[in-house]
Structure formats: structure tokens, C-alpha cells
>>> print(open('my_file-v4.cif').read())   # mmCIF, C-alpha atoms
data_work
loop_
_atom_site.group_PDB
_atom_site.id
_atom_site.type_symbol
_atom_site.label_atom_id
_atom_site.label_comp_id
_atom_site.auth_asym_id
_atom_site.auth_seq_id
_atom_site.Cartn_x
_atom_site.Cartn_y
_atom_site.Cartn_z
ATOM 1 C CA MET W 242 -81.060 69.289 64.043
ATOM 2 C CA ALA W 243 -78.136 67.118 64.842
ATOM 3 C CA LYS W 244 -76.627 67.293 68.303
ATOM 4 C CA LYS W 245 -72.862 67.868 68.585
ATOM 5 C CA ILE W 246 -71.017 65.969 71.278
ATOM 6 C CA VAL W 247 -67.402 66.635 72.329
ATOM 7 C CA ASP W 248 -65.506 63.840 74.029
ATOM 8 C CA GLU W 249 -62.639 64.196 76.572
ATOM 9 C CA ASN W 250 -60.031 64.233 73.766
ATOM 10 C CA GLY W 251 -61.700 67.155 72.027
ATOM 11 C CA ASN W 252 -63.153 65.093 69.166
ATOM 12 C CA VAL W 253 -66.517 66.351 67.922
ATOM 13 C CA TYR W 254 -69.211 63.817 67.086
ATOM 14 C CA VAL W 255 -72.630 64.440 65.566
ATOM 15 C CA GLN W 256 -75.522 62.525 67.048
ATOM 16 C CA LYS W 257 -78.430 62.266 64.610
ATOM 17 C CA LYS W 258 -82.099 61.843 65.434
ATOM 18 C CA PRO W 259 -83.553 58.363 64.970
ATOM 19 C CA PHE W 260 -85.262 57.977 61.568
ATOM 20 C CA TYR W 261 -88.755 57.885 63.057
ATOM 21 C CA LYS W 262 -88.253 61.385 64.505
ATOM 22 C CA ARG W 263 -87.101 62.921 61.222
ATOM 23 C CA VAL W 264 -89.361 65.230 59.228
ATOM 24 C CA TRP W 265 -89.290 63.176 56.002
ATOM 25 C CA PHE W 266 -90.448 60.049 57.838
ATOM 26 C CA ILE W 267 -93.320 61.858 59.538
ATOM 27 C CA ILE W 268 -94.498 63.320 56.193
ATOM 28 C CA LEU W 269 -94.274 59.889 54.549
ATOM 29 C CA ALA W 270 -96.278 58.307 57.377
ATOM 30 C CA VAL W 271 -99.001 60.958 57.076
ATOM 31 C CA VAL W 272 -99.242 60.406 53.305
ATOM 32 C CA VAL W 273 -99.515 56.632 53.760
ATOM 33 C CA VAL W 274 -102.269 57.033 56.341
ATOM 34 C CA ILE W 275 -104.216 59.412 54.070
ATOM 35 C CA VAL W 276 -103.950 57.013 51.122
ATOM 36 C CA ALA W 277 -105.054 54.079 53.284
ATOM 37 C CA ILE W 278 -108.063 56.000 54.581
ATOM 38 C CA SER W 279 -109.101 57.101 51.082
ATOM 39 C CA ASN W 280 -108.880 53.508 49.819
ATOM 40 C CA MET W 281 -111.006 52.270 52.691
ATOM 41 C CA SER W 282 -113.675 54.915 52.112
ATOM 42 C CA GLY W 283 -114.427 53.723 48.582
ATOM 43 C CA GLY W 284 -111.940 55.424 46.304
ATOM 44 C CA SER W 285 -112.836 56.457 42.758
ATOM 45 C CA ASN W 286 -115.435 55.112 40.369
ATOM 46 C CA SER W 287 -112.792 53.299 38.349
ATOM 47 C CA ALA W 288 -111.620 51.528 41.482
ATOM 48 C CA LYS W 289 -115.207 50.472 42.153
ATOM 49 C CA THR W 290 -115.582 49.290 38.560
ATOM 50 C CA ASN W 291 -112.371 47.279 38.773
ATOM 51 C CA SER W 292 -113.572 45.783 42.033
ATOM 52 C CA ALA W 293 -116.884 44.829 40.433
ATOM 53 C CA ASN W 294 -115.077 43.265 37.460
ATOM 54 C CA ASN W 295 -112.824 41.307 39.808
ATOM 55 C CA ASN W 296 -115.890 40.097 41.716
ATOM 56 C CA GLN W 297 -117.504 38.939 38.451
ATOM 57 C CA THR W 298 -114.335 37.052 37.536
ATOM 58 C CA LYS W 299 -114.174 35.515 40.998
ATOM 59 C CA ASN W 300 -117.841 34.539 40.802
ATOM 60 C CA SER W 301 -117.306 32.878 37.420
ATOM 61 C CA ALA W 302 -114.286 31.039 38.761
ATOM 62 C CA GLN W 303 -116.257 29.923 41.815
ATOM 63 C CA ILE W 304 -119.072 28.687 39.583
ATOM 64 C CA SER W 305 -116.546 26.784 37.498
ATOM 65 C CA GLN W 306 -115.035 25.198 40.581
ATOM 66 C CA GLU W 307 -118.444 24.334 42.000
ATOM 67 C CA THR W 308 -119.460 22.761 38.704
ATOM 68 C CA ALA W 309 -116.250 20.783 38.618
ATOM 69 C CA SER W 310 -116.545 19.682 42.232
ATOM 70 C CA SER W 311 -120.193 18.657 41.837
ATOM 71 C CA SER W 312 -119.267 16.668 38.728
ATOM 72 C CA SER W 313 -116.474 14.926 40.576
ATOM 73 C CA LYS W 314 -118.861 14.038 43.423
ATOM 74 C CA LYS W 315 -121.266 12.384 41.001
ATOM 75 C CA SER W 316 -118.632 10.000 39.704
ATOM 76 C CA ASN W 317 -115.057 9.091 40.378
ATOM 77 C CA VAL W 318 -113.409 11.578 38.072
ATOM 78 C CA SER W 319 -109.672 12.149 38.293
ATOM 79 C CA ALA W 320 -108.304 15.415 39.613
ATOM 80 C CA GLU W 321 -106.905 16.188 36.163
ATOM 81 C CA PHE W 322 -110.306 15.826 34.511
ATOM 82 C CA THR W 323 -111.880 17.981 37.225
ATOM 83 C CA ALA W 324 -109.201 20.645 36.771
ATOM 84 C CA ALA W 325 -109.715 20.605 32.996
ATOM 85 C CA LEU W 326 -113.466 21.065 33.490
ATOM 86 C CA ALA W 327 -112.935 23.997 35.847
ATOM 87 C CA LYS W 328 -110.558 25.651 33.366
ATOM 88 C CA ALA W 329 -112.953 25.016 30.476
ATOM 89 C CA ASN W 330 -115.839 26.659 32.320
ATOM 90 C CA SER W 331 -113.615 29.557 33.274
ATOM 91 C CA TYR W 332 -112.455 30.153 29.687
ATOM 92 C CA ALA W 333 -115.969 29.870 28.270
ATOM 93 C CA ASN W 334 -117.668 32.028 30.886
ATOM 94 C CA THR W 335 -115.078 34.756 31.441
ATOM 95 C CA MET W 336 -113.444 35.035 28.029
ATOM 96 C CA SER W 337 -116.444 34.126 25.828
ATOM 97 C CA MET W 338 -114.494 31.448 23.991
ATOM 98 C CA SER W 339 -115.929 28.917 21.544
ATOM 99 C CA LYS W 340 -115.997 25.194 22.256
ATOM 100 C CA ALA W 341 -113.152 24.583 19.780
ATOM 101 C CA GLY W 342 -111.209 27.525 21.218
ATOM 102 C CA VAL W 343 -111.542 26.150 24.742
ATOM 103 C CA TYR W 344 -110.433 22.688 23.608
ATOM 104 C CA ASP W 345 -107.394 24.138 21.832
ATOM 105 C CA GLN W 346 -106.475 26.206 24.891
ATOM 106 C CA LEU W 347 -106.773 23.191 27.178
ATOM 107 C CA THR W 348 -104.576 20.971 24.997
ATOM 108 C CA SER W 349 -102.097 23.565 23.749
ATOM 109 C CA GLN W 350 -98.447 23.282 24.745
ATOM 110 C CA ALA W 351 -98.496 27.084 25.099
ATOM 111 C CA GLY W 352 -101.711 26.830 27.138
ATOM 112 C CA GLU W 353 -102.872 24.423 29.819
ATOM 113 C CA LYS W 354 -101.207 21.227 28.465
ATOM 114 C CA PHE W 355 -104.038 18.898 29.465
ATOM 115 C CA PRO W 356 -104.159 15.513 27.721
ATOM 116 C CA ALA W 357 -106.746 15.146 24.970
ATOM 117 C CA ASP W 358 -109.005 12.858 27.015
ATOM 118 C CA ALA W 359 -109.169 15.324 29.934
ATOM 119 C CA ALA W 360 -109.902 18.187 27.539
ATOM 120 C CA GLN W 361 -112.618 16.174 25.806
ATOM 121 C CA TYR W 362 -114.185 15.315 29.161
ATOM 122 C CA ALA W 363 -114.214 19.021 29.996
ATOM 123 C CA ILE W 364 -115.814 19.936 26.659
ATOM 124 C CA ASP W 365 -118.464 17.247 27.070
ATOM 125 C CA ASN W 366 -119.368 18.331 30.620
ATOM 126 C CA MET W 367 -118.927 22.097 30.620
ATOM 127 C CA LYS W 368 -121.815 24.506 31.060
ATOM 128 C CA ALA W 369 -121.687 27.434 28.626
ATOM 129 C CA ASP W 370 -123.923 29.322 26.213
ATOM 130 C CA PHE W 371 -121.827 29.447 23.052
ATOM 131 C CA ASN W 372 -124.415 31.539 21.183
ATOM 132 C CA LYS W 373 -124.028 34.154 23.920
ATOM 133 C CA ASN W 374 -120.222 33.858 23.724
ATOM 134 C CA ALA W 375 -120.302 34.384 19.957
ATOM 135 C CA LEU W 376 -122.550 37.415 20.434
ATOM 136 C CA ASN W 377 -120.185 38.866 23.060
ATOM 137 C CA LYS W 378 -117.225 38.454 20.698
ATOM 138 C CA ALA W 379 -119.188 39.939 17.788
ATOM 139 C CA LYS W 380 -120.141 42.999 19.850
ATOM 140 C CA SER W 381 -116.518 43.382 20.868
ATOM 141 C CA TYR W 382 -115.354 43.275 17.237
ATOM 142 C CA GLN W 383 -118.062 45.726 16.208
ATOM 143 C CA SER W 384 -117.363 48.296 18.937
ATOM 144 C CA GLN W 385 -113.593 48.057 19.249
ATOM 145 C CA MET W 386 -112.553 47.330 15.674
ATOM 146 C CA GLN W 387 -115.505 48.755 13.689
ATOM 147 C CA MET W 388 -115.705 45.573 11.591
ATOM 148 C CA SER W 389 -118.467 44.871 9.083
ATOM 149 C CA THR W 390 -120.901 42.033 9.780
ATOM 150 C CA ASP W 391 -119.307 39.896 7.050
ATOM 151 C CA ALA W 392 -115.854 40.445 8.546
ATOM 152 C CA ILE W 393 -117.198 39.633 12.012
ATOM 153 C CA ARG W 394 -118.800 36.413 10.737
ATOM 154 C CA ASP W 395 -115.500 35.434 9.078
ATOM 155 C CA GLN W 396 -113.540 36.167 12.256
ATOM 156 C CA LEU W 397 -115.976 34.227 14.423
ATOM 157 C CA THR W 398 -115.836 31.107 12.229
ATOM 158 C CA SER W 399 -112.200 31.255 11.172
ATOM 159 C CA GLU W 400 -109.818 28.489 12.226
ATOM 160 C CA ALA W 401 -107.249 31.221 12.829
ATOM 161 C CA GLY W 402 -109.856 33.254 14.718
ATOM 162 C CA GLU W 403 -112.511 32.382 17.263
ATOM 163 C CA LYS W 404 -113.580 28.964 15.856
ATOM 164 C CA PHE W 405 -117.312 29.304 16.513
ATOM 165 C CA THR W 406 -119.687 27.148 14.478
ATOM 166 C CA PRO W 407 -121.482 28.815 11.552
ATOM 167 C CA GLU W 408 -124.748 28.525 13.503
ATOM 168 C CA GLU W 409 -123.289 30.327 16.505
ATOM 169 C CA ALA W 410 -121.833 33.037 14.255
ATOM 170 C CA ASN W 411 -125.185 33.475 12.493
ATOM 171 C CA TYR W 412 -126.923 33.819 15.867
ATOM 172 C CA ALA W 413 -124.415 36.494 16.861
ATOM 173 C CA ILE W 414 -124.866 38.450 13.611
ATOM 174 C CA GLN W 415 -128.681 38.265 13.880
ATOM 175 C CA HIS W 416 -128.632 39.617 17.452
ATOM 176 C CA LEU W 417 -125.754 42.055 17.073
ATOM 177 C CA ASN W 418 -127.862 45.204 17.192
ATOM 178 C CA ASP W 419 -130.415 44.045 19.786
#
>>> encode(input="my_file-v4.cif", output="C-alpha cells")
Amino acid sequence: MAKKIVDENGNVYVQKKPFYKRVWFIILAVVVVIVAISNMSGGSNSAKTNSANNNQTKNSAQISQETASSSSKKSNVSAEFTAALAKANSYANTMSMSKAGVYDQLTSQAGEKFPADAAQYAIDNMKADFNKNALNKAKSYQSQMQMSTDAIRDQLTSEAGEKFTPEEANYAIQHLND
């Protein structure tokens, strides 16, 4: 409750409690502490899954950076070429992109805007299993979009789609139900 103070002229003033002594602040502080404790104790399964997915992404990015840094140690490669290689590995390993898709992303004005020679260096030196990437994309199309195998093959090889080679698409179709 507020405290009423009367001065020598008879004016009445109300002195309020400081904010940290008010009920709403104390309740808010308790809620924040409870939420912090629950987050530290592990949280829900979806939070653990998201954490695991973030760790996978971080691990892939670290692998890409390590690959790029080891390549740059072997020869005097410019920072731009090294950065293009790291991005290429990241796109291929985390997003299951095709070689042509990675190249287009690296050189695109709406993408990374690397020069063609840096992108080509990255493509020539990247480490990725494009058969596996094609299979991952095919499984995604099958489960999320219920596409037929012919439609999946077309999407995988299409210039407007994933841009995998016919061999990579055939591998994916052959191993789709394994």
C-alpha cells in the first residue's frame, strides 16, 4: 500500500513502494527463475531434438571450416576461395544440394555472390557424397509431398529443380525404399 505523507502546508503526498518491492515484480521474478531452472534441467524432448539438430549443423559447419582451412594450409589459396569452399561444403552437407545447385548458390546475385573462379575452386575441392544428397532429397519428396518415383526423378534432374545428374537421381530412386 502507498504511504500518505502530509507536509507543513497540509498538502497530501503519496509515497509509493520501489518497483522491486511490488507484488507484480516479485511474481515476475519467480516466474523467470522457474523458467530458467526448467531450461537448465533439460526441458522438453523437442528442445532436446532442436539442440541435437543445432549441434549437427554446427558440426557440419565446423567440418566445412576445417576442410577449408586445411586446404588453405596446403597451398596459398585466397581468403575468398577458402570462404567459397567452406560455404560449398556447408550447402552440400547440411542442405543435401547437388554440385550444380551449390555452384549456382555460390555465384548467384541472390545468393553468395562469389566470382565464378572461386565457386569453381570450391566445387573442385569440396567433399560431399552427391549420391547420398540425391537420396536425401528423394526421401524428402517421397515423405513430404507423396511424389511418384518418376516425378521424383524429374525433380532431382530438373534445371528448375535440384540439378542432380541422371546417375545420381537413378541411385536415389534405386535406394529410395532401403
>>> resolve_selection(input="my_file-v4.cif", expression="the PyMOL selection byres ((chain W and resi 371) around 9)", output="list in words")
Ala333, Ser337, Met338, Ser339, Lys340, Ala369, Asp370, Asn372, Lys373, Asn374, Ala375, Leu376, Phe405 and Glu409 of chain W
>>> residues_around(input="my_file-v4.cif", residues="Asp395 (chain W)", least_positions_apart="2", cutoff="12 Å", atoms="only C-alpha atoms", output="PyMOL selection string")
chain W and resi 375+379+382+388-393+397-407+409-411+413-414
>>> write_last_selection(input="my_file-v4.cif", atoms="C-alpha atoms", output="PDB file, keeping the file's coordinate frame")
ATOM      1  CA  ALA W 375    -120.302  34.384  19.957  1.00  0.00           C
ATOM      2  CA  ALA W 379    -119.188  39.939  17.788  1.00  0.00           C
ATOM      3  CA  TYR W 382    -115.354  43.275  17.237  1.00  0.00           C
ATOM      4  CA  MET W 388    -115.705  45.573  11.591  1.00  0.00           C
ATOM      5  CA  SER W 389    -118.467  44.871   9.083  1.00  0.00           C
ATOM      6  CA  THR W 390    -120.901  42.033   9.780  1.00  0.00           C
ATOM      7  CA  ASP W 391    -119.307  39.896   7.050  1.00  0.00           C
ATOM      8  CA  ALA W 392    -115.854  40.445   8.546  1.00  0.00           C
ATOM      9  CA  ILE W 393    -117.198  39.633  12.012  1.00  0.00           C
ATOM     10  CA  LEU W 397    -115.976  34.227  14.423  1.00  0.00           C
ATOM     11  CA  THR W 398    -115.836  31.107  12.229  1.00  0.00           C
ATOM     12  CA  SER W 399    -112.200  31.255  11.172  1.00  0.00           C
ATOM     13  CA  GLU W 400    -109.818  28.489  12.226  1.00  0.00           C
ATOM     14  CA  ALA W 401    -107.249  31.221  12.829  1.00  0.00           C
ATOM     15  CA  GLY W 402    -109.856  33.254  14.718  1.00  0.00           C
ATOM     16  CA  GLU W 403    -112.511  32.382  17.263  1.00  0.00           C
ATOM     17  CA  LYS W 404    -113.580  28.964  15.856  1.00  0.00           C
ATOM     18  CA  PHE W 405    -117.312  29.304  16.513  1.00  0.00           C
ATOM     19  CA  THR W 406    -119.687  27.148  14.478  1.00  0.00           C
ATOM     20  CA  PRO W 407    -121.482  28.815  11.552  1.00  0.00           C
ATOM     21  CA  GLU W 409    -123.289  30.327  16.505  1.00  0.00           C
ATOM     22  CA  ALA W 410    -121.833  33.037  14.255  1.00  0.00           C
ATOM     23  CA  ASN W 411    -125.185  33.475  12.493  1.00  0.00           C
ATOM     24  CA  ALA W 413    -124.415  36.494  16.861  1.00  0.00           C
ATOM     25  CA  ILE W 414    -124.866  38.450  13.611  1.00  0.00           C
TER      26      ILE W 414
END
>>> atom_distance(input="my_file-v4.cif", atom1="CA of Asp358 (chain W)", atom2="CA of Tyr332 (chain W)")
17.8 Å
>>> closest_residue(input="my_file-v4.cif", among="W:Ala357, W:Lys368, W:Tyr412, W:Lys244", to="Asp345 (chain W)", atoms="all atoms listed in the file")
W:Ala357
>>> closest_residue(input="my_file-v4.cif", among="W:Asp365, W:Leu326, W:Val264, W:Ser384", to="Glu353 (chain W)", atoms="only C-alpha atoms")
W:Leu326
>>> atom_distance(input="my_file-v4.cif", atom1="CA of Ala351 (chain W)", atom2="CA of Thr335 (chain W)")
19.3 Å
>>> residues_near_point(input="my_file-v4.cif", point="(-107.8, 11.8, 36.5)", cutoff="12 Å", atoms="only C-alpha atoms", output="ChimeraX atom specification")
/W:313,316-326,355-356,358-360,362-363
>>> closest_residue(input="my_file-v4.cif", among="W:Asn250, W:Ala329, W:Gln387, W:Met367", to="Gly352 (chain W)", atoms="all atoms listed in the file")
W:Ala329
